[in-house]
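Asks: Please read through the structure below; I'll follow up with questions.
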Amino acid sequence: MSIMSSDRVHIVGGGLAGSEAAWQLAQSGIAVTLYEMRPHRKTEAHVTDGLAELVCSNSFRSDDAETNAVGLLHAELRDANSLIMRCADTHQLPAGGALAVDREGFSQSVTKELENHPLVTLKREEVTHIDPDWAHVIIASGPLTSPALSEVISKMTGSDKLAFFDAIAPIVYRDSINMDICWEQSRYDKSGPGGDGKDYINCPMNEAQYHEFIDALIDGETADFKQWEEDTPYFNGCLPIEVMAARGRETLRHGPMKPRGLTNAHNSDVKPYAVVQLRQDNALKTLYNIVGFQTKMKYGAQADILRLIPGLEDARFARLGGLHRNTFLNSPSLLTEDLTLRTVQNIRFAGQITGVEGYVESTAIGLLAGLFTAAQIQNRQLSPPPMTTALGALLAHITKNANKDTFQPMNINFGLMPEILQTEATFIHAETGEKLRGKARAFAKKRARQIGFTSRARQDFEIWRLSESACVSL
């Protein structure tokens, strides 16, 4: 089979996403040049020159495809013939219900597979510009993109900066917010574009609750900056809430927690001393972010402290807050549904730079970038996976469902999928035959909901996979 030079795909970055994209293209019969700047130019985080090096944990997180969104994504990637998942399974280590790997063996396995593939050319050099003669490009340079390439991407996307401290606000599942305490209202009842004057969920605090919350913030345990983050300053407008609290007890009450322009719908006679606001974070209205609540607190302490907020006592978090160095695009405003850059039609992005978090999430976007590019070269139509699947939900979130004004990196979770219809089932104890009540009933209902998501996803993914059978790698 002859390969036209115009069909060759140039992939920048040999991490999880770039490696997966290269594999999917090569398996589809398309020639690939994969660029990895290590070992000639090192990053602050990597220690080897292997492809798909795992720089943090060696865990791919839960492998439970029945009740966990990450495990579901694992299953879909395996069904799509993912190289990353195959190598992870080959080098699996004991880790209970999680998928942990021997990181050195895993990386060596991915490297060997790509080095030995007849359609993959691995070049160990830094890409500092995009050659105008490259007909097809996938940029998968990761969260530590080099300064030279960051400048190129900035010019292409119109972004002023790509490398900075990524201020992440916590995100709460909408159905875990107690609306007997909270209410919907925009400040002064103002409605923005598409709004109705009730664009925020408001959590009221009296004076005692506010000061208890401030004390907890000041005493909360914070995470240390990693070595490569220490010299990158964060913006003054994105200060962690614990830093604001330490600057003065009333600072937050005159900042993101100001009560002005808000009236408690449950008790209009009592004016709140402070108010925490949550704003819709996705088109499905399943996720809400806590406005202005970026934080460097450790996850355990953070969840406990945030549940001190009235109305969030039983909050479930799709993502906790954070502050770290990152490089990512505002993908909902820049990328089409097939990951193409709107302003430069021959360039796709993949991996963490698109605004996904996590090893398997980066792999998933790399896989899709490879499949979309292969379909384009072969003049085939490839529809995106349904939003009811993990792959489809993740893709839809970064390209169209996330709020572009508040877009931040995200892991896969059930909140990115359309809700399932749940009937009010009666749950019975297997041994006593009695109706489940309280926590037991809540647990059973939660599990039924999770299985509802995964069962629907597995069915819809298989229909999509079979309908796209013209794709060689599927």
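Going by the structure tokens order, chains are called A, B, ..., each with residues numbered from 1, while ligands are numbered from 1 in the order shown.
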Which polymer residues have any atom within 9 Å of an atom of Gln459 (chain A), counting only C-alpha atoms, with same-chain residues fewer than 5 positions away left out, as a PyMOL selection string?
Replies: chain A and resi 389+454+464
Asks: Could you please take those selected residues and save N, CA, C and O atoms as a PDB file, in the first residue's frame?
Replies:
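Output below, filename part13.pdb:
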ATOM      1  N   THR A 389     -22.167   7.851  26.166  1.00  0.00           N
ATOM      2  CA  THR A 389     -20.975   7.039  26.426  1.00  0.00           C
ATOM      3  C   THR A 389     -19.928   7.894  27.124  1.00  0.00           C
ATOM      4  O   THR A 389     -19.990   9.133  27.090  1.00  0.00           O
ATOM      5  N   THR A 454     -23.955   3.198  33.271  1.00  0.00           N
ATOM      6  CA  THR A 454     -22.995   2.332  32.588  1.00  0.00           C
ATOM      7  C   THR A 454     -23.680   1.346  31.635  1.00  0.00           C
ATOM      8  O   THR A 454     -23.154   1.071  30.559  1.00  0.00           O
ATOM      9  N   TRP A 464     -22.623   2.295  18.397  1.00  0.00           N
ATOM     10  CA  TRP A 464     -21.784   3.247  17.675  1.00  0.00           C
ATOM     11  C   TRP A 464     -20.583   2.541  17.048  1.00  0.00           C
ATOM     12  O   TRP A 464     -20.258   2.767  15.878  1.00  0.00           O
TER      13      TRP A 464
END
Asks: From a backbone DSSP assignment, name each residue in region 197-422 of chain A labelled helix (DSSP H, G or I), as a ChimeraX atom specification.
Replies: /A:207-219,227-229,236-238,241-246,252-254,299-306,331-334,351-354,359-377,390-401,414-416
Asks: So how many Å separate CA of Gly355 (chain A) and CA of Pro418 (chain A), to one decimal?
Replies: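 Going from CA of Gly355 (chain A) over to CA of Pro418 (chain A) covers 20.1 Å.
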Asks: Quick one: residues within 6 Å of region 289-306 of chain A, only C-alpha atoms counted, chain neighbours fewer than 3 positions away excluded, as a ChimeraX atom specification?
Replies: /A:167-171,221-223,240-241,256,277-279,281,309,321-323
Asks: Between region 288-311 of chain A and region 172-184 of chain A, at 7 Å or less, what are the per-residue closest atom pairs and their distances in Å? Count only C-alpha atoms, order by chain and rising residue number, and return it as CSV.
Replies:
residue,atom,partner,partner_atom,distance
A:Tyr288,CA,A:Val172,CA,5.3
A:Asn289,CA,A:Val172,CA,6.1
A:Pro310,CA,A:Ile181,CA,6.9
A:Gly311,CA,A:Asn178,CA,4.6
Asks: For the selection just defined, write its residues with N, CA and C atoms to a file, as a CSV table (one decimal), in the first residue's frame.
Replies:
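Now in out_33.csv:
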chain,number,residue,atom,x,y,z
A,288,TYR,N,-22.6,22.2,38.9
A,288,TYR,CA,-22.5,23.7,39.2
A,288,TYR,C,-21.2,23.9,39.9
A,289,ASN,N,-20.5,25.0,39.5
A,289,ASN,CA,-19.2,25.4,40.1
A,289,ASN,C,-19.4,26.4,41.2
A,310,PRO,N,-24.0,26.0,54.3
A,310,PRO,CA,-25.4,25.6,54.4
A,310,PRO,C,-25.9,25.2,53.0
A,311,GLY,N,-26.6,24.0,52.9
A,311,GLY,CA,-27.1,23.5,51.7
A,311,GLY,C,-26.2,22.6,51.0
Asks: Pick out the closest residue to Lys400 (chain A) from this set: A:Asn282, A:Gln378, A:Asn81, A:Thr343. Count only C-alpha atoms.
Replies: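 Selected residue with least distance to Lys400 (chain A): A:Asn282.
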Asks: Write out as a count of residues only the set of residues from region 267-456 of chain A that DSSP, computed on the backbone, places in strand (DSSP E or B).
Replies: 36
Asks: Can you list, as a JSON list (two decimals) with N, CA, C and O atoms, in the first residue's frame, every protein, DNA or RNA residue that comes within 8 Å of Thr157 (chain A) when you count only C-alpha atoms, leaving out same-chain residues fewer than 2 positions away?
Replies:
[["chain", "number", "residue", "atom", "x", "y", "z"],
["A", 153, "ILE", "N", 1.25, 28.21, 19.69],
["A", 153, "ILE", "CA", -0.16, 27.92, 19.95],
["A", 153, "ILE", "C", -0.91, 29.20, 20.30],
["A", 153, "ILE", "O", -2.05, 29.41, 19.88],
["A", 154, "SER", "N", -0.26, 30.07, 21.06],
["A", 154, "SER", "CA", -0.89, 31.35, 21.41],
["A", 154, "SER", "C", -1.24, 32.16, 20.17],
["A", 154, "SER", "O", -2.32, 32.75, 20.08],
["A", 155, "LYS", "N", -0.34, 32.18, 19.22],
["A", 155, "LYS", "CA", -0.60, 32.93, 17.99],
["A", 155, "LYS", "C", -1.74, 32.30, 17.19],
["A", 155, "LYS", "O", -2.55, 33.00, 16.58],
["A", 159, "SER", "N", -4.82, 33.26, 22.23],
["A", 159, "SER", "CA", -4.72, 33.30, 23.69],
["A", 159, "SER", "C", -3.50, 34.11, 24.08],
["A", 159, "SER", "O", -2.44, 34.02, 23.45],
["A", 334, "LEU", "N", -12.64, 27.07, 20.90],
["A", 334, "LEU", "CA", -11.60, 26.96, 19.89],
["A", 334, "LEU", "C", -11.69, 25.72, 19.02],
["A", 334, "LEU", "O", -11.23, 25.73, 17.87],
["A", 343, "THR", "N", -9.69, 27.93, 13.64],
["A", 343, "THR", "CA", -8.99, 28.94, 12.86],
["A", 343, "THR", "C", -7.94, 28.34, 11.93],
["A", 343, "THR", "O", -7.46, 29.02, 11.02]]
Asks: Go through A:Glu419, A:Asp7, A:Glu20, A:Glu313 one by one, measure the shortest atom-to-atom distance of each to Ser82 (chain A) using only C-alpha atoms, and give the residue with the smallest value.
Replies: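 Nearest to Ser82 (chain A): A:Glu20.
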Asks: Residues near region 367-371 of chain A, anyone? I mean within 6 Å using only C-alpha atoms, not counting same-chain ones fewer than 4 positions away, as a list of chain:residue names.
Replies: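 What passes the distance filter is A:Glu20, A:Ala21, A:Gln24, A:Leu25.
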Asks: Please list as a ChimeraX atom specification every residue within 9 Å of Ile420 (chain A), counting only C-alpha atoms and excluding residues in the same chain fewer than 2 positions away.
Replies: /A:417-418,422,449,452-453,456
Asks: Figure out the distance between CA of Gly71 (chain A) and CA of Leu34 (chain A), please, to one decimal in Å.
Replies: 28.5 Å
Asks: Give me the residues within 6 Å of Gly50 (chain A) as an NGL selection string, counting only C-alpha atoms and dropping any in the same chain fewer than 2 places off.
Replies: :A and (48 or 53 or 107)
